[in-house]
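> Would you mind keeping the following structure in view while I ask a few things?
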Amino acid sequence: MDILICSPLEETTAKLERLLSSVGGARIVERTSTSHETIEVLRRHEIDLSIVGESVLEVGLAARRLLNPEQIDRMLWVAFLDRVSMPSVIKAAQYGYNDVLVAPSTSTELARELAEIVDHRRSVQTNPLLKSVDVVPGLYVRQIALGDRTDEDLVELLGLGLDDRDIGLALGISIQDVRNRLANLLEINGLSNRTQLATLHIRSQLAGWLA
């Protein structure tokens with residue numbers, strides 16, 4: 001298994017190198033510290049697993065914006081956390097990481113956890129921390145699905161904070177039509193509330209600007 005380690009913290013990189021040195025079949029191909037370096041490495045090498053430090057989780061999001069989706073889908077993305085942290089787990093989930101590792105202390109522990117991730121016996125979606133909050137894994141790397149231009153205008157106004165009445169007035173449709181469209185958009189995008197829908201729309205726009 002060819003592995004890329006990304007962290008600007010020498011302590012994190014050194015710890016991972018030490019733990020991985022005794023994991024059978026693990027080979028560290030590259031060590032990077034920034035999104036730019038990581039993107040360049042992934043353009044040159046076929047990597048099986050990217051382990052990304054907690055301070056640079058945005059690397060995973062940048063890679064998904066700038067690299068071939070098929071290449072990204074062939075890889076596993078794991079966030080390496082120094083401690084249990086709900087904000088970091090939520091960020092990893094929304095940035096499309098497959099799972100998180102929380103400071104494994106031995107090579108045996110790391111090997112067991114990596115094997116479970118590789119074999120899809122665990123994932124960030126089953127992390128106990130996410131059961132208590134309303135999080136959609138992979139939300140920030142998805143593109144929003146819209147039915148027509150009215151839907152597009154509707155979510156734009158939703159993101160600006162307008163209520164159903166004002167959205168209806170702006171679009172020239174009834175409040176019930178607004179609510180029906182919102183319910184349909186939530187269903188087809190696999191979301192549970194309006195905040196998630198507005199967030200997905202904003203992130204999709206940002207992705208377009210970054211492309």
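Labels used: A, B, ... for chains in the order of the structure tokens, numbers from 1 for residues in each chain, and numbers from 1 for ligands as shown.
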List the neighbours of stretch 141-146 of chain A out to 9 Å using only C-alpha atoms; skip same-chain residues closer than 3 positions along the sequence, and give me the result as an mmCIF file with all heavy atoms, in the first residue's frame.


```cif
data_model
loop_
_atom_site.group_PDB
_atom_site.id
_atom_site.type_symbol
_atom_site.label_atom_id
_atom_site.label_comp_id
_atom_site.auth_asym_id
_atom_site.auth_seq_id
_atom_site.Cartn_x
_atom_site.Cartn_y
_atom_site.Cartn_z
ATOM 1 N N LEU A 61 -9.944 18.608 0.504
ATOM 2 C CA LEU A 61 -10.914 19.370 -0.280
ATOM 3 C C LEU A 61 -10.269 19.925 -1.543
ATOM 4 O O LEU A 61 -10.846 19.850 -2.634
ATOM 5 C CB LEU A 61 -11.484 20.501 0.570
ATOM 6 C CG LEU A 61 -12.597 21.346 -0.041
ATOM 7 C CD1 LEU A 61 -13.792 20.483 -0.397
ATOM 8 C CD2 LEU A 61 -13.009 22.452 0.919
ATOM 9 N N ARG A 64 -9.773 17.243 -4.220
ATOM 10 C CA ARG A 64 -11.017 16.882 -4.897
ATOM 11 C C ARG A 64 -11.461 17.948 -5.889
ATOM 12 O O ARG A 64 -12.168 17.648 -6.845
ATOM 13 C CB ARG A 64 -12.113 16.609 -3.865
ATOM 14 C CG ARG A 64 -11.858 15.341 -3.068
ATOM 15 C CD ARG A 64 -12.910 15.120 -1.997
ATOM 16 N NE ARG A 64 -12.650 13.908 -1.248
ATOM 17 C CZ ARG A 64 -13.031 12.694 -1.626
ATOM 18 N NH1 ARG A 64 -13.688 12.541 -2.757
ATOM 19 N NH2 ARG A 64 -12.755 11.646 -0.880
ATOM 20 N N ARG A 65 -11.042 19.182 -5.661
ATOM 21 C CA ARG A 65 -11.384 20.258 -6.592
ATOM 22 C C ARG A 65 -10.479 20.250 -7.826
ATOM 23 O O ARG A 65 -10.902 20.650 -8.910
ATOM 24 C CB ARG A 65 -11.259 21.621 -5.904
ATOM 25 C CG ARG A 65 -12.166 21.831 -4.703
ATOM 26 C CD ARG A 65 -13.627 21.730 -5.074
ATOM 27 N NE ARG A 65 -14.481 22.132 -3.967
ATOM 28 C CZ ARG A 65 -15.692 21.650 -3.759
ATOM 29 N NH1 ARG A 65 -16.181 20.741 -4.565
ATOM 30 N NH2 ARG A 65 -16.418 22.074 -2.741
ATOM 31 N N GLN A 94 -17.307 16.264 6.214
ATOM 32 C CA GLN A 94 -17.832 17.118 5.150
ATOM 33 C C GLN A 94 -16.825 17.310 4.022
ATOM 34 O O GLN A 94 -17.221 17.629 2.897
ATOM 35 C CB GLN A 94 -18.255 18.458 5.739
ATOM 36 C CG GLN A 94 -19.480 18.326 6.643
ATOM 37 C CD GLN A 94 -19.994 19.663 7.127
ATOM 38 O OE1 GLN A 94 -19.226 20.546 7.460
ATOM 39 N NE2 GLN A 94 -21.296 19.805 7.184
ATOM 40 N N TYR A 95 -15.538 17.146 4.311
ATOM 41 C CA TYR A 95 -14.518 17.275 3.277
ATOM 42 C C TYR A 95 -14.288 15.973 2.509
ATOM 43 O O TYR A 95 -13.413 15.895 1.667
ATOM 44 C CB TYR A 95 -13.196 17.724 3.892
ATOM 45 C CG TYR A 95 -13.131 19.203 4.232
ATOM 46 C CD1 TYR A 95 -14.261 20.010 4.180
ATOM 47 C CD2 TYR A 95 -11.942 19.790 4.613
ATOM 48 C CE1 TYR A 95 -14.211 21.342 4.502
ATOM 49 C CE2 TYR A 95 -11.869 21.142 4.929
ATOM 50 C CZ TYR A 95 -13.013 21.915 4.872
ATOM 51 O OH TYR A 95 -12.953 23.244 5.196
ATOM 52 N N GLY A 96 -15.070 14.949 2.810
ATOM 53 C CA GLY A 96 -15.010 13.727 2.024
ATOM 54 C C GLY A 96 -13.962 12.714 2.444
ATOM 55 O O GLY A 96 -13.636 11.805 1.677
ATOM 56 N N GLY A 138 -19.279 14.205 3.304
ATOM 57 C CA GLY A 138 -18.966 14.536 1.918
ATOM 58 C C GLY A 138 -19.706 15.737 1.366
ATOM 59 O O GLY A 138 -19.639 16.009 0.171
ATOM 60 N N ARG A 149 -34.060 26.576 -13.488
ATOM 61 C CA ARG A 149 -33.528 27.882 -13.093
ATOM 62 C C ARG A 149 -34.236 28.433 -11.852
ATOM 63 O O ARG A 149 -33.626 29.116 -11.030
ATOM 64 C CB ARG A 149 -33.665 28.865 -14.269
ATOM 65 C CG ARG A 149 -33.154 30.278 -13.973
ATOM 66 C CD ARG A 149 -31.698 30.267 -13.526
ATOM 67 N NE ARG A 149 -31.269 31.572 -13.069
ATOM 68 C CZ ARG A 149 -30.735 32.497 -13.862
ATOM 69 N NH1 ARG A 149 -30.576 32.244 -15.162
ATOM 70 N NH2 ARG A 149 -30.344 33.657 -13.378
ATOM 71 N N THR A 150 -35.523 28.134 -11.723
ATOM 72 C CA THR A 150 -36.252 28.591 -10.536
ATOM 73 C C THR A 150 -35.663 27.977 -9.271
ATOM 74 O O THR A 150 -35.527 28.645 -8.242
ATOM 75 C CB THR A 150 -37.748 28.243 -10.651
ATOM 76 O OG1 THR A 150 -38.300 28.890 -11.810
ATOM 77 C CG2 THR A 150 -38.512 28.695 -9.416
ATOM 78 N N ASP A 151 -35.323 26.688 -9.349
ATOM 79 C CA ASP A 151 -34.671 26.043 -8.204
ATOM 80 C C ASP A 151 -33.359 26.735 -7.864
ATOM 81 O O ASP A 151 -33.032 26.946 -6.694
ATOM 82 C CB ASP A 151 -34.392 24.566 -8.511
ATOM 83 C CG ASP A 151 -35.620 23.695 -8.383
ATOM 84 O OD1 ASP A 151 -36.645 24.178 -7.867
ATOM 85 O OD2 ASP A 151 -35.554 22.521 -8.790
ATOM 86 N N GLU A 152 -32.604 27.074 -8.893
ATOM 87 C CA GLU A 152 -31.321 27.742 -8.679
ATOM 88 C C GLU A 152 -31.514 29.085 -7.980
ATOM 89 O O GLU A 152 -30.801 29.425 -7.025
ATOM 90 C CB GLU A 152 -30.607 27.942 -10.019
ATOM 91 C CG GLU A 152 -29.221 28.556 -9.888
ATOM 92 C CD GLU A 152 -28.521 28.668 -11.226
ATOM 93 O OE1 GLU A 152 -29.026 28.092 -12.220
ATOM 94 O OE2 GLU A 152 -27.468 29.320 -11.288
ATOM 95 N N LEU A 185 -35.970 19.429 -3.354
ATOM 96 C CA LEU A 185 -34.519 19.620 -3.400
ATOM 97 C C LEU A 185 -33.822 18.910 -2.250
ATOM 98 O O LEU A 185 -32.728 18.350 -2.428
ATOM 99 C CB LEU A 185 -34.190 21.120 -3.369
ATOM 100 C CG LEU A 185 -34.497 21.887 -4.652
ATOM 101 C CD1 LEU A 185 -34.393 23.391 -4.413
ATOM 102 C CD2 LEU A 185 -33.556 21.461 -5.775
ATOM 103 N N ILE A 188 -33.845 15.063 -3.281
ATOM 104 C CA ILE A 188 -32.953 14.621 -4.363
ATOM 105 C C ILE A 188 -31.481 14.836 -4.012
ATOM 106 O O ILE A 188 -30.602 14.175 -4.591
ATOM 107 C CB ILE A 188 -33.281 15.326 -5.699
ATOM 108 C CG1 ILE A 188 -33.036 16.836 -5.604
ATOM 109 C CG2 ILE A 188 -34.692 15.021 -6.132
ATOM 110 C CD1 ILE A 188 -33.267 17.561 -6.922
ATOM 111 N N ASN A 189 -31.199 15.718 -3.048
ATOM 112 C CA ASN A 189 -29.807 15.931 -2.638
ATOM 113 C C ASN A 189 -29.449 15.169 -1.365
ATOM 114 O O ASN A 189 -28.319 15.275 -0.879
ATOM 115 C CB ASN A 189 -29.546 17.427 -2.428
ATOM 116 C CG ASN A 189 -29.407 18.177 -3.743
ATOM 117 O OD1 ASN A 189 -28.391 18.094 -4.408
ATOM 118 N ND2 ASN A 189 -30.455 18.910 -4.118
ATOM 119 N N LEU A 197 -28.901 22.602 2.637
ATOM 120 C CA LEU A 197 -29.140 22.913 1.231
ATOM 121 C C LEU A 197 -28.440 24.215 0.842
ATOM 122 O O LEU A 197 -27.771 24.293 -0.199
ATOM 123 C CB LEU A 197 -30.642 23.019 0.966
ATOM 124 C CG LEU A 197 -31.066 23.284 -0.483
ATOM 125 C CD1 LEU A 197 -30.641 22.132 -1.384
ATOM 126 C CD2 LEU A 197 -32.585 23.484 -0.556
ATOM 127 N N LEU A 200 -24.655 23.593 0.752
ATOM 128 C CA LEU A 200 -24.250 22.852 -0.439
ATOM 129 C C LEU A 200 -24.226 23.767 -1.663
ATOM 130 O O LEU A 200 -23.314 23.693 -2.483
ATOM 131 C CB LEU A 200 -25.200 21.674 -0.673
ATOM 132 C CG LEU A 200 -24.917 20.809 -1.905
ATOM 133 C CD1 LEU A 200 -23.494 20.260 -1.881
ATOM 134 C CD2 LEU A 200 -25.919 19.662 -1.986
ATOM 135 N N HIS A 201 -25.211 24.652 -1.765
ATOM 136 C CA HIS A 201 -25.251 25.583 -2.894
ATOM 137 C C HIS A 201 -24.059 26.524 -2.875
ATOM 138 O O HIS A 201 -23.395 26.731 -3.903
ATOM 139 C CB HIS A 201 -26.550 26.386 -2.849
ATOM 140 C CG HIS A 201 -26.625 27.458 -3.901
ATOM 141 N ND1 HIS A 201 -26.608 27.177 -5.247
ATOM 142 C CD2 HIS A 201 -26.701 28.802 -3.793
ATOM 143 C CE1 HIS A 201 -26.678 28.307 -5.931
ATOM 144 N NE2 HIS A 201 -26.728 29.313 -5.072
ATOM 145 N N ARG A 203 -21.134 26.081 -1.403
ATOM 146 C CA ARG A 203 -19.895 25.338 -1.658
ATOM 147 C C ARG A 203 -19.784 24.964 -3.140
ATOM 148 O O ARG A 203 -18.693 24.966 -3.703
ATOM 149 C CB ARG A 203 -19.835 24.075 -0.807
ATOM 150 C CG ARG A 203 -19.796 24.322 0.667
ATOM 151 C CD ARG A 203 -18.615 25.166 1.117
ATOM 152 N NE ARG A 203 -17.347 24.633 0.716
ATOM 153 C CZ ARG A 203 -16.177 25.057 1.174
ATOM 154 N NH1 ARG A 203 -16.142 26.039 2.068
ATOM 155 N NH2 ARG A 203 -15.041 24.525 0.759
ATOM 156 N N SER A 204 -20.905 24.635 -3.763
ATOM 157 C CA SER A 204 -20.873 24.322 -5.199
ATOM 158 C C SER A 204 -20.462 25.529 -6.013
ATOM 159 O O SER A 204 -19.714 25.412 -6.996
ATOM 160 C CB SER A 204 -22.250 23.808 -5.646
ATOM 161 O OG SER A 204 -22.578 22.594 -5.038
ATOM 162 N N GLN A 205 -20.930 26.701 -5.604
ATOM 163 C CA GLN A 205 -20.516 27.937 -6.299
ATOM 164 C C GLN A 205 -19.033 28.178 -6.125
ATOM 165 O O GLN A 205 -18.333 28.518 -7.082
ATOM 166 C CB GLN A 205 -21.305 29.121 -5.744
ATOM 167 C CG GLN A 205 -22.731 29.203 -6.226
ATOM 168 C CD GLN A 205 -23.385 30.507 -5.788
ATOM 169 O OE1 GLN A 205 -23.254 30.924 -4.652
ATOM 170 N NE2 GLN A 205 -24.086 31.145 -6.713
ATOM 171 N N ALA A 207 -16.761 25.978 -5.623
ATOM 172 C CA ALA A 207 -16.044 24.990 -6.410
ATOM 173 C C ALA A 207 -15.937 25.440 -7.858
ATOM 174 O O ALA A 207 -14.912 25.268 -8.507
ATOM 175 C CB ALA A 207 -16.753 23.633 -6.330
#
```

> Can you list, as an MDAnalysis selection string, every protein, DNA or RNA residue that comes within 12 Å of A:Val56 when you count only C-alpha atoms, leaving out same-chain residues fewer than 2 positions away?

chainID A and resid 5:9 12 32:36 38 51:54 58:63 78:81 88 91:92 95

> Pull N, CA, C and O atoms from the residues just selected and write them as a compact mmCIF listing (two decimals), in the first residue's frame.


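Below is the file again.txt, written as the result:
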```
# COMPACT_ATOMS: atom_id res chain seq x y z
N ILE A 5 1.93 11.00 3.28
CA ILE A 5 1.70 11.69 4.54
C ILE A 5 1.74 13.19 4.29
O ILE A 5 2.67 13.70 3.68
N CYS A 6 0.72 13.89 4.75
CA CYS A 6 0.69 15.34 4.60
C CYS A 6 0.48 15.99 5.95
O CYS A 6 -0.57 15.81 6.58
N SER A 7 1.47 16.75 6.40
CA SER A 7 1.36 17.52 7.63
C SER A 7 2.50 18.51 7.70
O SER A 7 3.64 18.15 7.39
N PRO A 8 2.23 19.75 8.09
CA PRO A 8 3.31 20.73 8.25
C PRO A 8 4.04 20.56 9.57
O PRO A 8 5.06 21.21 9.81
N LEU A 9 3.51 19.69 10.43
CA LEU A 9 4.09 19.48 11.76
C LEU A 9 5.05 18.29 11.73
O LEU A 9 4.64 17.16 11.50
N THR A 12 4.09 15.31 13.93
CA THR A 12 3.07 14.41 13.39
C THR A 12 3.65 13.49 12.34
O THR A 12 3.40 12.27 12.34
N THR A 32 4.47 15.48 2.46
CA THR A 32 4.20 16.85 2.02
C THR A 32 3.70 17.67 3.21
O THR A 32 3.34 17.11 4.26
N SER A 33 3.68 18.99 3.03
CA SER A 33 3.23 19.86 4.11
C SER A 33 2.17 20.87 3.67
O SER A 33 1.59 21.56 4.51
N THR A 34 1.90 20.96 2.36
CA THR A 34 0.92 21.92 1.86
C THR A 34 0.02 21.28 0.82
O THR A 34 0.34 20.22 0.26
N SER A 35 -1.06 21.99 0.50
CA SER A 35 -1.97 21.51 -0.56
C SER A 35 -1.25 21.45 -1.90
O SER A 35 -1.41 20.48 -2.66
N HIS A 36 -0.48 22.48 -2.20
CA HIS A 36 0.22 22.54 -3.49
C HIS A 36 1.16 21.35 -3.66
O HIS A 36 1.16 20.69 -4.71
N THR A 38 1.01 18.49 -2.16
CA THR A 38 0.22 17.26 -2.23
C THR A 38 -0.37 17.06 -3.62
O THR A 38 -0.33 15.94 -4.17
N ILE A 51 -2.75 10.11 4.27
CA ILE A 51 -2.99 10.39 5.68
C ILE A 51 -2.67 11.86 5.91
O ILE A 51 -1.54 12.30 5.70
N VAL A 52 -3.67 12.63 6.32
CA VAL A 52 -3.55 14.08 6.39
C VAL A 52 -3.69 14.55 7.83
O VAL A 52 -4.64 14.17 8.53
N GLY A 53 -2.75 15.39 8.26
CA GLY A 53 -2.76 15.90 9.61
C GLY A 53 -3.93 16.84 9.87
O GLY A 53 -4.48 17.47 8.96
N GLU A 54 -4.28 16.96 11.15
CA GLU A 54 -5.46 17.73 11.56
C GLU A 54 -5.38 19.20 11.14
O GLU A 54 -6.41 19.81 10.82
N GLU A 58 -7.89 20.81 4.87
CA GLU A 58 -8.34 21.42 3.62
C GLU A 58 -7.63 20.82 2.41
O GLU A 58 -8.10 20.98 1.28
N VAL A 59 -6.51 20.12 2.64
CA VAL A 59 -5.79 19.46 1.55
C VAL A 59 -6.72 18.49 0.81
O VAL A 59 -6.72 18.42 -0.42
N GLY A 60 -7.51 17.74 1.55
CA GLY A 60 -8.42 16.79 0.93
C GLY A 60 -9.45 17.48 0.05
O GLY A 60 -9.78 16.99 -1.03
N LEU A 61 -9.94 18.61 0.50
CA LEU A 61 -10.91 19.37 -0.28
C LEU A 61 -10.27 19.93 -1.54
O LEU A 61 -10.85 19.85 -2.63
N ALA A 62 -9.05 20.46 -1.42
CA ALA A 62 -8.34 21.01 -2.57
C ALA A 62 -8.09 19.93 -3.62
O ALA A 62 -8.24 20.16 -4.83
N ALA A 63 -7.69 18.75 -3.17
CA ALA A 63 -7.40 17.65 -4.10
C ALA A 63 -8.65 17.26 -4.88
O ALA A 63 -8.60 17.03 -6.09
N VAL A 78 -7.60 9.62 4.85
CA VAL A 78 -7.74 9.45 6.29
C VAL A 78 -7.20 10.69 7.00
O VAL A 78 -6.09 11.14 6.72
N ALA A 79 -7.99 11.23 7.91
CA ALA A 79 -7.56 12.37 8.71
C ALA A 79 -6.91 11.85 9.99
O ALA A 79 -7.46 10.98 10.67
N PHE A 80 -5.72 12.37 10.30
CA PHE A 80 -4.99 11.95 11.48
C PHE A 80 -5.14 13.01 12.56
O PHE A 80 -4.60 14.12 12.43
N LEU A 81 -5.88 12.68 13.61
CA LEU A 81 -6.18 13.64 14.67
C LEU A 81 -5.35 13.35 15.91
O LEU A 81 -5.14 12.19 16.27
N SER A 88 -13.18 18.63 14.30
CA SER A 88 -12.29 18.04 13.30
C SER A 88 -12.94 16.84 12.61
O SER A 88 -12.77 16.64 11.40
N LYS A 91 -15.45 18.26 10.18
CA LYS A 91 -14.76 18.80 9.00
C LYS A 91 -14.29 17.66 8.08
O LYS A 91 -14.47 17.72 6.87
N ALA A 92 -13.71 16.63 8.67
CA ALA A 92 -13.24 15.49 7.88
C ALA A 92 -14.40 14.83 7.13
O ALA A 92 -14.28 14.46 5.96
N TYR A 95 -15.54 17.15 4.31
CA TYR A 95 -14.52 17.27 3.28
C TYR A 95 -14.29 15.97 2.51
O TYR A 95 -13.41 15.89 1.67
```

> Report the residues of stretch 63-190 of chain A whose backbone DSSP state falls under strand (DSSP E or B), written as a PyMOL selection string.

chain A and resi 76-81+99-102

> Would you output that residue set with N, CA and C atoms, as a short mmCIF file (atom, residue, chain, number, x, y, z; two decimals), in the first residue's frame?


```cif
data_model
loop_
_atom_site.label_atom_id
_atom_site.label_comp_id
_atom_site.auth_asym_id
_atom_site.auth_seq_id
_atom_site.Cartn_x
_atom_site.Cartn_y
_atom_site.Cartn_z
N LEU A 76 -7.89 6.20 -0.68
CA LEU A 76 -8.51 6.38 0.63
C LEU A 76 -7.92 7.63 1.27
N TRP A 77 -8.79 8.43 1.88
CA TRP A 77 -8.36 9.65 2.55
C TRP A 77 -8.65 9.50 4.03
N VAL A 78 -7.60 9.62 4.85
CA VAL A 78 -7.74 9.45 6.29
C VAL A 78 -7.20 10.69 7.00
N ALA A 79 -7.99 11.23 7.91
CA ALA A 79 -7.56 12.37 8.71
C ALA A 79 -6.91 11.85 9.99
N PHE A 80 -5.72 12.37 10.30
CA PHE A 80 -4.99 11.95 11.48
C PHE A 80 -5.14 13.01 12.56
N LEU A 81 -5.88 12.68 13.61
CA LEU A 81 -6.18 13.64 14.67
C LEU A 81 -5.35 13.35 15.91
N ASP A 99 -12.26 8.24 6.66
CA ASP A 99 -12.33 7.99 8.09
C ASP A 99 -11.30 8.85 8.81
N VAL A 100 -11.30 8.75 10.13
CA VAL A 100 -10.33 9.47 10.95
C VAL A 100 -9.59 8.49 11.84
N LEU A 101 -8.32 8.78 12.09
CA LEU A 101 -7.52 8.05 13.07
C LEU A 101 -7.23 9.02 14.21
N VAL A 102 -7.50 8.58 15.43
CA VAL A 102 -7.26 9.43 16.58
C VAL A 102 -6.06 8.90 17.37
#
```

> Using only C-alpha atoms, which of A:Asp166, A:Arg43, A:Met75, A:Gly147 sits nearest A:Asn184?

A:Gly147

> Per DSSP on the backbone, filter stretch 47-211 of chain A down to the residues in alpha helix (DSSP H) and report them as a PyMOL selection string.

chain A and resi 58-66+69-74+86-94+107-118+149-159+164-171+175-188+194-210

> Figure out the distance between atom CA of A:Leu42 and atom CA of A:Ile28, please, to one decimal in Å.

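Value for the atom CA of A:Ile28-atom CA of A:Leu42 distance: 13.2 Å.
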
> Which distance in Å separates atom CA of A:Ala26 and atom CA of A:Leu66, to one decimal?

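Taking atom CA of A:Ala26 as the start and atom CA of A:Leu66 as the end point, the length is 26.3 Å.
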
> Nearest to A:Ser123 among A:Leu157, A:Ala93, A:Ala198, A:Ile173, with distances taken over only C-alpha atoms: which residue is it?

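Closest candidate: A:Ala93.
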
> Which residues come within 10 Å of A:Thr106, counting only C-alpha atoms, excluding same-chain residues fewer than 6 positions away, as a PyMOL selection string?

chain A and resi 15+18-20+22-23

> Could you take the residues named above and write them with all heavy atoms, as a compact mmCIF listing (two decimals), in the first residue's frame?


```
# COMPACT_ATOMS: atom_id res chain seq x y z
N LYS A 15 5.88 10.82 13.93
CA LYS A 15 5.09 9.79 14.62
C LYS A 15 4.49 8.81 13.63
O LYS A 15 4.55 7.59 13.83
CB LYS A 15 3.99 10.45 15.44
CG LYS A 15 3.11 9.44 16.18
CD LYS A 15 2.07 10.13 17.04
CE LYS A 15 1.25 9.10 17.82
NZ LYS A 15 0.23 9.74 18.69
N ARG A 18 7.18 6.52 12.22
CA ARG A 18 7.58 5.51 13.20
C ARG A 18 6.54 4.39 13.28
O ARG A 18 6.89 3.21 13.27
CB ARG A 18 7.76 6.16 14.57
CG ARG A 18 8.07 5.19 15.68
CD ARG A 18 8.35 5.91 16.98
NE ARG A 18 7.26 6.77 17.38
CZ ARG A 18 6.16 6.33 18.00
NH1 ARG A 18 6.00 5.03 18.26
NH2 ARG A 18 5.20 7.17 18.35
N LEU A 19 5.27 4.76 13.34
CA LEU A 19 4.23 3.75 13.45
C LEU A 19 4.10 2.92 12.19
O LEU A 19 3.92 1.69 12.24
CB LEU A 19 2.89 4.42 13.77
CG LEU A 19 2.76 5.10 15.14
CD1 LEU A 19 1.43 5.84 15.24
CD2 LEU A 19 2.88 4.09 16.27
N LEU A 20 4.20 3.57 11.03
CA LEU A 20 4.03 2.86 9.76
C LEU A 20 5.21 1.97 9.42
O LEU A 20 5.08 1.04 8.61
CB LEU A 20 3.81 3.87 8.62
CG LEU A 20 2.45 4.57 8.61
CD1 LEU A 20 2.47 5.75 7.65
CD2 LEU A 20 1.34 3.60 8.22
N SER A 22 6.49 -0.32 10.97
CA SER A 22 6.27 -1.72 11.37
C SER A 22 4.96 -2.30 10.85
O SER A 22 4.57 -3.40 11.24
CB SER A 22 6.30 -1.82 12.90
OG SER A 22 7.54 -1.40 13.42
N VAL A 23 4.28 -1.55 9.99
CA VAL A 23 3.02 -2.04 9.41
C VAL A 23 3.33 -2.75 8.10
O VAL A 23 3.84 -2.15 7.15
CB VAL A 23 2.04 -0.88 9.17
CG1 VAL A 23 0.78 -1.38 8.46
CG2 VAL A 23 1.67 -0.21 10.49
```

> By how many Å are atom CA of A:Leu182 and atom CA of A:Val155 apart?

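A separation of 8.3 Å between them.
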
> If you count only C-alpha atoms, which residues fall within 8 Å of A:Ile175, apart from same-chain ones fewer than 6 positions away, as a ChimeraX atom specification?

/A:164-165,167-168

> Given the selection you just returned, output its residues as a file containing N, CA and C atoms, formatted as a short mmCIF file (atom, residue, chain, number, x, y, z; two decimals), in the first residue's frame.


```
data_model
loop_
_atom_site.label_atom_id
_atom_site.label_comp_id
_atom_site.auth_asym_id
_atom_site.auth_seq_id
_atom_site.Cartn_x
_atom_site.Cartn_y
_atom_site.Cartn_z
N ASP A 164 -39.81 31.90 3.34
CA ASP A 164 -40.62 31.36 2.24
C ASP A 164 -41.46 32.44 1.56
N ARG A 165 -42.03 33.33 2.36
CA ARG A 165 -42.88 34.37 1.79
C ARG A 165 -42.09 35.28 0.85
N ILE A 167 -39.19 34.68 -0.58
CA ILE A 167 -38.70 33.93 -1.74
C ILE A 167 -39.81 33.82 -2.79
N GLY A 168 -41.04 33.54 -2.33
CA GLY A 168 -42.16 33.43 -3.25
C GLY A 168 -42.43 34.73 -3.97
#
```
